[in-house]
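Q: This is start32.pdb, which holds PDB, C-alpha atoms, pLDDT in the B column:
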```
ATOM      1  CA  MET J 169      68.232  84.408  72.440  1.00 48.00           C
ATOM      2  CA  LYS J 170      65.199  83.625  70.339  1.00 48.00           C
ATOM      3  CA  GLU J 171      65.206  85.350  66.972  1.00 53.00           C
ATOM      4  CA  LEU J 172      62.019  86.998  65.745  1.00 51.00           C
ATOM      5  CA  MET J 173      60.894  85.869  62.305  1.00 47.00           C
ATOM      6  CA  THR J 174      59.540  87.907  59.428  1.00 50.00           C
ATOM      7  CA  PHE J 175      56.390  86.963  57.547  1.00 44.00           C
ATOM      8  CA  GLY J 176      58.578  85.058  55.065  1.00 47.00           C
ATOM      9  CA  GLY J 177      60.036  82.871  57.793  1.00 52.00           C
ATOM     10  CA  GLN J 178      63.423  84.626  57.792  1.00 66.00           C
ATOM     11  CA  PRO J 179      65.007  85.985  61.000  1.00 74.00           C
ATOM     12  CA  LEU J 180      64.540  89.668  61.665  1.00 85.00           C
ATOM     13  CA  THR J 181      67.764  91.458  60.645  1.00 88.00           C
ATOM     14  CA  MET J 182      69.518  94.794  60.714  1.00 90.00           C
ATOM     15  CA  SER J 183      71.683  95.884  57.782  1.00 90.00           C
ATOM     16  CA  SER J 184      75.356  96.764  58.101  1.00 91.00           C
ATOM     17  CA  ARG J 185      74.498 100.135  56.542  1.00 90.00           C
ATOM     18  CA  GLU J 186      72.097 100.920  59.406  1.00 92.00           C
ATOM     19  CA  ILE J 187      74.615  99.699  61.976  1.00 93.00           C
ATOM     20  CA  ALA J 188      77.246 102.062  60.514  1.00 93.00           C
ATOM     21  CA  ASP J 189      74.810 104.979  60.839  1.00 93.00           C
ATOM     22  CA  LEU J 190      73.946 104.079  64.447  1.00 93.00           C
ATOM     23  CA  VAL J 191      77.575 103.835  65.600  1.00 93.00           C
ATOM     24  CA  ASP J 192      78.825 106.806  63.521  1.00 94.00           C
ATOM     25  CA  ALA J 193      81.249 104.618  61.580  1.00 92.00           C
ATOM     26  CA  ARG J 194      82.224 104.185  57.946  1.00 92.00           C
ATOM     27  CA  HIS J 195      80.303 101.351  56.311  1.00 90.00           C
ATOM     28  CA  ASN J 196      83.545  99.859  54.997  1.00 90.00           C
ATOM     29  CA  ASP J 197      84.879  99.636  58.589  1.00 93.00           C
ATOM     30  CA  VAL J 198      81.734  97.849  59.797  1.00 92.00           C
ATOM     31  CA  VAL J 199      81.942  95.425  56.856  1.00 91.00           C
ATOM     32  CA  ALA J 200      85.609  94.775  57.677  1.00 92.00           C
ATOM     33  CA  THR J 201      84.621  93.870  61.252  1.00 92.00           C
ATOM     34  CA  ILE J 202      81.905  91.521  59.974  1.00 91.00           C
ATOM     35  CA  ASP J 203      84.328  89.835  57.549  1.00 90.00           C
ATOM     36  CA  ARG J 204      86.838  89.367  60.363  1.00 91.00           C
ATOM     37  CA  LEU J 205      84.249  87.772  62.649  1.00 91.00           C
ATOM     38  CA  PHE J 206      83.036  85.548  59.827  1.00 88.00           C
ATOM     39  CA  ALA J 207      86.610  84.390  59.240  1.00 89.00           C
ATOM     40  CA  LYS J 208      86.801  83.382  62.907  1.00 90.00           C
ATOM     41  CA  GLY J 209      83.513  81.482  62.639  1.00 89.00           C
ATOM     42  CA  LEU J 210      81.848  83.670  65.283  1.00 90.00           C
ATOM     43  CA  LEU J 211      78.875  84.871  63.242  1.00 87.00           C
ATOM     44  CA  ARG J 212      76.021  82.454  62.696  1.00 79.00           C
ATOM     45  CA  SER J 213      73.124  83.469  60.510  1.00 67.00           C
ATOM     46  CA  SER J 214      73.965  86.701  58.747  1.00 66.00           C
ATOM     47  CA  ARG J 215      73.808  87.059  54.971  1.00 73.00           C
ATOM     48  CA  LYS J 216      75.404  89.362  52.406  1.00 74.00           C
ATOM     49  CA  THR J 217      73.684  90.915  49.383  1.00 76.00           C
ATOM     50  CA  ARG J 218      74.768  93.208  46.574  1.00 71.00           C
ATOM     51  CA  ARG J 219      72.776  96.454  46.568  1.00 68.00           C
ATOM     52  CA  GLU J 220      72.801  99.764  44.776  1.00 60.00           C
ATOM     53  CA  GLU J 221      73.364 102.943  46.755  1.00 59.00           C
ATOM     54  CA  THR J 222      71.596 106.257  45.998  1.00 55.00           C
ATOM     55  CA  GLY J 223      74.400 107.222  43.634  1.00 61.00           C
ATOM     56  CA  GLY J 224      74.028 103.983  41.676  1.00 63.00           C
ATOM     57  CA  ARG J 225      77.259 102.320  42.845  1.00 72.00           C
ATOM     58  CA  PRO J 226      76.683  98.712  43.997  1.00 77.00           C
ATOM     59  CA  ILE J 227      78.105  97.739  47.403  1.00 80.00           C
ATOM     60  CA  ASP J 228      78.082  94.656  49.606  1.00 81.00           C
ATOM     61  CA  VAL J 229      75.620  94.978  52.498  1.00 87.00           C
ATOM     62  CA  TYR J 230      75.267  92.455  55.317  1.00 89.00           C
ATOM     63  CA  ASP J 231      71.954  91.666  57.024  1.00 90.00           C
ATOM     64  CA  LEU J 232      72.682  90.578  60.591  1.00 90.00           C
ATOM     65  CA  THR J 233      70.553  88.855  63.193  1.00 90.00           C
ATOM     66  CA  GLU J 234      70.282  90.427  66.635  1.00 91.00           C
ATOM     67  CA  ARG J 235      72.931  88.139  68.130  1.00 91.00           C
ATOM     68  CA  ASP J 236      75.417  88.855  65.356  1.00 92.00           C
ATOM     69  CA  THR J 237      74.677  92.576  65.520  1.00 93.00           C
ATOM     70  CA  HIS J 238      75.545  92.767  69.219  1.00 93.00           C
ATOM     71  CA  LEU J 239      78.759  90.883  68.537  1.00 93.00           C
ATOM     72  CA  VAL J 240      79.768  93.271  65.735  1.00 93.00           C
ATOM     73  CA  VAL J 241      79.217  96.413  67.867  1.00 93.00           C
ATOM     74  CA  SER J 242      80.783  95.001  71.038  1.00 92.00           C
ATOM     75  CA  GLY J 243      83.919  97.076  70.463  1.00 91.00           C
ATOM     76  CA  TYR J 244      82.086 100.398  70.166  1.00 93.00           C
ATOM     77  CA  SER J 245      81.264 102.843  72.935  1.00 92.00           C
ATOM     78  CA  ASP J 246      78.438 102.392  75.454  1.00 92.00           C
ATOM     79  CA  GLU J 247      76.463 105.146  73.747  1.00 93.00           C
ATOM     80  CA  HIS J 248      76.748 103.502  70.348  1.00 93.00           C
ATOM     81  CA  ARG J 249      75.802 100.065  71.662  1.00 92.00           C
ATOM     82  CA  ALA J 250      72.797 101.628  73.407  1.00 93.00           C
ATOM     83  CA  ARG J 251      71.632 103.054  70.078  1.00 93.00           C
ATOM     84  CA  VAL J 252      71.779  99.593  68.510  1.00 93.00           C
ATOM     85  CA  ILE J 253      69.879  98.038  71.437  1.00 93.00           C
ATOM     86  CA  ASP J 254      67.191 100.735  71.247  1.00 93.00           C
ATOM     87  CA  ARG J 255      66.866 100.203  67.512  1.00 91.00           C
ATOM     88  CA  TRP J 256      66.471  96.453  67.990  1.00 91.00           C
ATOM     89  CA  GLN J 257      63.743  97.024  70.550  1.00 91.00           C
ATOM     90  CA  GLU J 258      61.994  99.289  68.072  1.00 89.00           C
ATOM     91  CA  LEU J 259      62.271  96.670  65.309  1.00 86.00           C
ATOM     92  CA  GLU J 260      60.977  93.938  67.612  1.00 85.00           C
ATOM     93  CA  ALA J 261      58.040  96.090  68.718  1.00 83.00           C
ATOM     94  CA  GLN J 262      57.171  96.771  65.088  1.00 79.00           C
ATOM     95  CA  GLN J 263      57.441  93.066  64.265  1.00 74.00           C
ATOM     96  CA  THR J 264      55.251  92.100  67.228  1.00 70.00           C
ATOM     97  CA  GLN J 265      52.676  94.627  66.145  1.00 65.00           C
ATOM     98  CA  ALA J 266      52.824  93.300  62.605  1.00 59.00           C
ATOM     99  CA  PHE J 267      52.088  89.772  63.860  1.00 55.00           C
ATOM    100  CA  ALA J 268      49.076  90.929  65.885  1.00 57.00           C
ATOM    101  CA  ILE J 269      45.923  89.749  64.088  1.00 61.00           C
ATOM    102  CA  PRO J 270      43.045  92.210  64.314  1.00 64.00           C
ATOM    103  CA  LYS J 271      40.037  90.765  66.144  1.00 66.00           C
ATOM    104  CA  SER J 272      37.500  93.301  64.920  1.00 76.00           C
ATOM    105  CA  LEU J 273      36.868  95.627  62.008  1.00 75.00           C
ATOM    106  CA  PRO J 274      37.974  98.765  63.960  1.00 76.00           C
ATOM    107  CA  GLU J 275      41.251  97.022  64.898  1.00 70.00           C
ATOM    108  CA  ALA J 276      41.807  96.036  61.262  1.00 71.00           C
ATOM    109  CA  LEU J 277      41.179  99.612  60.113  1.00 77.00           C
ATOM    110  CA  ARG J 278      43.511 100.945  62.810  1.00 76.00           C
ATOM    111  CA  LEU J 279      46.238  98.521  61.779  1.00 69.00           C
ATOM    112  CA  ALA J 280      45.841  99.481  58.120  1.00 75.00           C
ATOM    113  CA  ALA J 281      46.041 103.165  59.040  1.00 78.00           C
ATOM    114  CA  ASP J 282      49.159 102.570  61.181  1.00 74.00           C
ATOM    115  CA  LEU J 283      50.881 100.669  58.398  1.00 73.00           C
ATOM    116  CA  SER J 284      49.965 103.380  55.895  1.00 80.00           C
ATOM    117  CA  GLU J 285      51.354 106.096  58.186  1.00 81.00           C
ATOM    118  CA  GLN J 286      54.518 104.097  58.723  1.00 74.00           C
ATOM    119  CA  ASN J 287      55.034 103.628  54.990  1.00 78.00           C
ATOM    120  CA  GLU J 288      54.446 107.330  54.368  1.00 83.00           C
ATOM    121  CA  ARG J 289      56.937 108.259  57.083  1.00 80.00           C
ATOM    122  CA  LEU J 290      59.587 105.932  55.678  1.00 77.00           C
ATOM    123  CA  ALA J 291      59.016 107.251  52.152  1.00 80.00           C
ATOM    124  CA  LEU J 292      59.283 110.839  53.411  1.00 81.00           C
ATOM    125  CA  GLU J 293      62.516 110.071  55.272  1.00 77.00           C
ATOM    126  CA  ARG J 294      63.953 108.407  52.173  1.00 77.00           C
ATOM    127  CA  ASP J 295      62.963 111.279  49.871  1.00 78.00           C
ATOM    128  CA  THR J 296      64.303 113.835  52.340  1.00 79.00           C
ATOM    129  CA  ALA J 297      67.635 112.024  52.541  1.00 70.00           C
ATOM    130  CA  VAL J 298      67.939 111.855  48.742  1.00 73.00           C
ATOM    131  CA  ARG J 299      66.951 115.514  48.333  1.00 76.00           C
ATOM    132  CA  THR J 300      69.351 116.644  51.066  1.00 73.00           C
ATOM    133  CA  LYS J 301      72.208 114.739  49.458  1.00 69.00           C
ATOM    134  CA  ALA J 302      71.430 116.314  46.067  1.00 72.00           C
ATOM    135  CA  GLU J 303      71.224 119.804  47.588  1.00 74.00           C
ATOM    136  CA  ILE J 304      74.545 119.350  49.366  1.00 72.00           C
ATOM    137  CA  GLY J 305      76.122 118.195  46.090  1.00 67.00           C
ATOM    138  CA  SER J 306      74.735 121.226  44.244  1.00 73.00           C
ATOM    139  CA  ARG J 307      75.979 123.641  46.905  1.00 76.00           C
ATOM    140  CA  ARG J 308      79.423 122.061  46.883  1.00 76.00           C
ATOM    141  CA  GLU J 309      79.581 122.281  43.083  1.00 76.00           C
ATOM    142  CA  ALA J 310      78.480 125.936  43.095  1.00 75.00           C
ATOM    143  CA  THR J 311      81.005 126.768  45.806  1.00 77.00           C
ATOM    144  CA  ALA J 312      83.791 125.017  43.915  1.00 74.00           C
ATOM    145  CA  MET J 313      82.950 126.894  40.698  1.00 77.00           C
ATOM    146  CA  ALA J 314      82.823 130.236  42.521  1.00 76.00           C
ATOM    147  CA  THR J 315      86.130 129.496  44.220  1.00 76.00           C
ATOM    148  CA  ALA J 316      87.764 128.563  40.912  1.00 72.00           C
ATOM    149  CA  ALA J 317      86.490 131.747  39.259  1.00 75.00           C
ATOM    150  CA  ALA J 318      87.759 133.867  42.154  1.00 76.00           C
ATOM    151  CA  LYS J 319      91.166 132.204  41.995  1.00 72.00           C
ATOM    152  CA  ALA J 320      91.364 132.770  38.228  1.00 70.00           C
ATOM    153  CA  LYS J 321      90.649 136.469  38.706  1.00 72.00           C
ATOM    154  CA  GLU J 322      93.249 136.691  41.476  1.00 66.00           C
ATOM    155  CA  VAL J 323      95.871 135.050  39.266  1.00 59.00           C
ATOM    156  CA  ALA J 324      95.110 137.458  36.437  1.00 61.00           C
ATOM    157  CA  ARG J 325      95.301 140.413  38.817  1.00 58.00           C
ATOM    158  CA  LEU J 326      98.644 139.253  40.192  1.00 49.00           C
ATOM    159  CA  LYS J 327     100.008 138.775  36.690  1.00 51.00           C
ATOM    160  CA  HIS J 328      98.998 142.322  35.935  1.00 49.00           C
ATOM    161  CA  GLU J 329     100.696 143.656  39.051  1.00 45.00           C
ATOM    162  CA  LEU J 330     103.837 141.589  38.480  1.00 40.00           C
ATOM    163  CA  GLY J 331     104.373 143.225  35.107  1.00 43.00           C
ATOM    164  CA  ARG J 332     103.296 140.464  32.732  1.00 43.00           C
ATOM    165  CA  SER J 333     100.484 142.650  31.434  1.00 42.00           C
ATOM    166  CA  GLN J 334     101.433 146.208  32.311  1.00 51.00           C
ATOM    167  CA  GLN J 335     100.025 148.145  29.385  1.00 78.00           C
ATOM    168  CA  HIS J 336      97.200 150.626  29.696  1.00 85.00           C
ATOM    169  CA  ALA J 337      95.397 152.302  26.846  1.00 87.00           C
ATOM    170  CA  THR J 338      92.772 154.953  26.329  1.00 89.00           C
ATOM    171  CA  VAL J 339      89.769 154.375  24.127  1.00 90.00           C
ATOM    172  CA  ILE J 340      91.122 156.899  21.624  1.00 87.00           C
ATOM    173  CA  ALA J 341      94.482 155.135  21.446  1.00 86.00           C
ATOM    174  CA  VAL J 342      92.893 151.761  20.782  1.00 89.00           C
ATOM    175  CA  GLU J 343      90.607 153.246  18.135  1.00 89.00           C
ATOM    176  CA  LYS J 344      93.606 154.704  16.323  1.00 87.00           C
ATOM    177  CA  ALA J 345      95.602 151.473  16.557  1.00 86.00           C
ATOM    178  CA  THR J 346      92.821 149.123  15.491  1.00 88.00           C
ATOM    179  CA  GLY J 347      90.617 151.274  13.262  1.00 90.00           C
ATOM    180  CA  ARG J 348      87.643 150.311  15.388  1.00 90.00           C
ATOM    181  CA  LYS J 349      85.076 152.813  16.575  1.00 92.00           C
ATOM    182  CA  PHE J 350      83.769 152.312  20.106  1.00 92.00           C
ATOM    183  CA  ALA J 351      80.545 153.697  21.519  1.00 91.00           C
ATOM    184  CA  LYS J 352      80.626 156.785  23.718  1.00 88.00           C
ATOM    185  CA  ASN J 353      79.901 154.645  26.759  1.00 92.00           C
ATOM    186  CA  ALA J 354      82.617 152.096  25.974  1.00 89.00           C
ATOM    187  CA  TYR J 355      84.251 153.055  29.239  1.00 90.00           C
ATOM    188  CA  VAL J 356      81.384 151.424  31.194  1.00 92.00           C
ATOM    189  CA  ALA J 357      82.420 147.859  30.290  1.00 93.00           C
ATOM    190  CA  LEU J 358      86.075 148.743  30.800  1.00 93.00           C
ATOM    191  CA  ARG J 359      85.375 150.197  34.221  1.00 93.00           C
ATOM    192  CA  ARG J 360      83.364 147.127  35.222  1.00 93.00           C
ATOM    193  CA  ALA J 361      86.116 144.715  34.172  1.00 91.00           C
ATOM    194  CA  THR J 362      88.788 146.838  35.855  1.00 90.00           C
ATOM    195  CA  LYS J 363      86.857 146.869  39.118  1.00 91.00           C
ATOM    196  CA  GLU J 364      86.141 143.139  38.889  1.00 89.00           C
ATOM    197  CA  TYR J 365      89.857 142.381  38.916  1.00 86.00           C
ATOM    198  CA  GLY J 366      90.589 144.812  41.711  1.00 88.00           C
ATOM    199  CA  LEU J 367      92.604 147.159  39.494  1.00 87.00           C
ATOM    200  CA  ALA J 368      92.377 150.845  38.616  1.00 87.00           C
ATOM    201  CA  ALA J 369      92.599 152.987  35.523  1.00 88.00           C
ATOM    202  CA  VAL J 370      95.390 155.548  35.213  1.00 87.00           C
ATOM    203  CA  GLU J 371      95.078 159.189  34.213  1.00 86.00           C
ATOM    204  CA  VAL J 372      97.026 160.248  31.117  1.00 79.00           C
ATOM    205  CA  VAL J 373      97.416 163.676  29.525  1.00 74.00           C
ATOM    206  CA  ASP J 374      95.126 164.427  26.588  1.00 71.00           C
ATOM    207  CA  ALA J 375      95.435 167.537  24.390  1.00 69.00           C
ATOM    208  CA  ARG J 376      91.680 168.009  24.058  1.00 75.00           C
ATOM    209  CA  TYR J 377      90.350 167.012  27.473  1.00 72.00           C
ATOM    210  CA  GLY J 378      93.302 167.706  29.736  1.00 76.00           C
ATOM    211  CA  SER J 379      93.373 164.116  30.952  1.00 81.00           C
ATOM    212  CA  VAL J 380      91.556 160.876  30.201  1.00 85.00           C
ATOM    213  CA  LYS J 381      91.566 157.395  31.698  1.00 89.00           C
ATOM    214  CA  ALA J 382      93.763 154.649  30.322  1.00 89.00           C
ATOM    215  CA  TRP J 383      92.344 151.225  31.052  1.00 91.00           C
ATOM    216  CA  PRO J 384      94.445 148.147  31.923  1.00 90.00           C
ATOM    217  CA  ALA J 385      95.087 145.457  29.357  1.00 90.00           C
ATOM    218  CA  ILE J 386      93.052 142.862  31.225  1.00 90.00           C
ATOM    219  CA  ALA J 387      89.982 145.127  31.076  1.00 91.00           C
ATOM    220  CA  TRP J 388      90.393 145.499  27.295  1.00 91.00           C
ATOM    221  CA  ARG J 389      90.718 141.750  26.962  1.00 90.00           C
ATOM    222  CA  GLU J 390      87.646 141.007  29.060  1.00 90.00           C
ATOM    223  CA  ALA J 391      85.412 143.757  27.693  1.00 91.00           C
ATOM    224  CA  TYR J 392      86.343 143.860  23.991  1.00 92.00           C
ATOM    225  CA  ALA J 393      88.753 140.960  23.296  1.00 91.00           C
ATOM    226  CA  VAL J 394      91.516 143.443  22.529  1.00 89.00           C
ATOM    227  CA  GLU J 395      95.098 142.400  23.330  1.00 88.00           C
ATOM    228  CA  LEU J 396      97.115 145.525  24.034  1.00 85.00           C
ATOM    229  CA  ALA J 397     100.340 143.539  23.820  1.00 83.00           C
ATOM    230  CA  ASP J 398      99.527 142.850  20.150  1.00 84.00           C
ATOM    231  CA  ILE J 399      98.684 146.398  19.145  1.00 83.00           C
ATOM    232  CA  PHE J 400     101.243 148.107  21.426  1.00 76.00           C
ATOM    233  CA  PRO J 401     104.015 145.512  21.556  1.00 64.00           C
ATOM    234  CA  SER J 402     106.930 147.647  22.662  1.00 53.00           C
ATOM    235  CA  ALA J 403     105.767 150.334  25.071  1.00 44.00           C
ATOM    236  CA  GLU J 404     103.055 151.469  27.445  1.00 45.00           C
ATOM    237  CA  ALA J 405     100.107 152.719  25.394  1.00 48.00           C
ATOM    238  CA  ALA J 406      98.786 156.205  25.905  1.00 50.00           C
TER     239      ALA J 406
END
```
Once more with this new file: its structure as structure tokens, please.
A:
Amino acid sequence: MKELMTFGGQPLTMSSREIADLVDARHNDVVATIDRLFAKGLLRSSRKTRREETGGRPIDVYDLTERDTHLVVSGYSDEHRARVIDRWQELEAQQTQAFAIPKSLPEALRLAADLSEQNERLALERDTAVRTKAEIGSRREATAMATAAAKAKEVARLKHELGRSQQHATVIAVEKATGRKFAKNAYVALRRATKEYGLAAVEVVDARYGSVKAWPAIAWREAYAVELADIFPSAEAA
């Protein structure tokens, strides 16, 4: 098998990273196969370089000639080997085209336009891959944060229901105990926090209004940083 050469006189190669993508394998597994074949003296003209991935972590990447590539993927499925063969044909066609010397000005302009389009396509594919990876990372981070917040609320709600924070208190009761004066619509923030934790206020008897709502301790803590256990340490607050 005659190896095609690049403009610099080096054989045309395919990277171990691209091979891993083509055969749907982990790059580390492909590298392990290459190392094993090297140890047996079966690979001829491949080379290894240290490169930086998108995330900035350097890894070892092999550049393999066509012969060595086919040897590395020999253990993969027919479909995967076909992908590698098709990719090699594409690389060889591109290399042959690159070696073609234009014989006229229109051919030279066409070649320049083709190379420009190819470079733009490769740059677009690269930028799309980087952007997609960043978007996936952002979505995963947002999902993880939302999940953690939901779990925290569920834990707090369960603690409330299990009796670790059983006190309820009306606005009037807290005003009397703390000396603070709350706005007339103080119940709005309490109601929001109560609903957020999946709880409910309780109705208690009031001499002036017949009955008023007593809000759970967790709502007081969230809405106004009031700890009912501190101001009503021994009994359920009215």
Q: Would you compute, for all listed atoms of stretch 343-356 of chain J, the axis-aligned bounding box grown by 4 Å on each side, and then report its centre and edge lengths in Å rounded to one decimal, as lines of an AutoDock Vina configuration file?
A:
```
center_x = 87.8
center_y = 153.0
center_z = 22.2
size_x = 23.7
size_y = 15.7
size_z = 25.9
```
Q: Where does the PyMOL selection byres ((chain J and resi 193-207) around 10) land in this file, that is, which residues does it pick, as a ChimeraX atom specification?
A: /J:184-192,208-212,214,216,227-230,232,236-237,239-241,243-244,248
Q: State, in Å with one decimal place, the distance from atom CA of J:Ala314 to atom CA of J:Tyr365.
A: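 Rounded to one decimal, the two atoms are 14.5 Å apart.
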Q: What residues come out when you apply the PyMOL selection byres ((chain J and resi 383) around 10) to this file, written as a PyMOL selection string?
A: chain J and resi 335-339+355+358-359+361-362+367-371+380-382+384-388+405-406
Q: Set the distance at 9 Å and use only C-alpha atoms: which residues neighbour J:His238 once local chain neighbours fewer than 6 positions away are removed? I'd like the list as an MDAnalysis selection string.
A: chainID J and resid 249 252:253
Q: Just to confirm, what's the straight-line distance from atom CA of J:Tyr392 to atom CA of J:Thr346 in Å (one decimal)?
A: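 Pair atom CA of J:Tyr392 / atom CA of J:Thr346 returns 11.9 Å.
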Q: Have a look at atom CA of J:Ala302 and atom CA of J:Arg225 and let me know their distance in Å, one decimal.
A: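 It comes out at 15.5 Å.
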Q: Of the candidates J:Ala281, J:Leu180, J:Ala310, J:Ala316, which shows the shortest atom-to-atom distance to J:Thr264, using only C-alpha atoms?
A: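 The answer is J:Leu180, which sits nearest to J:Thr264.
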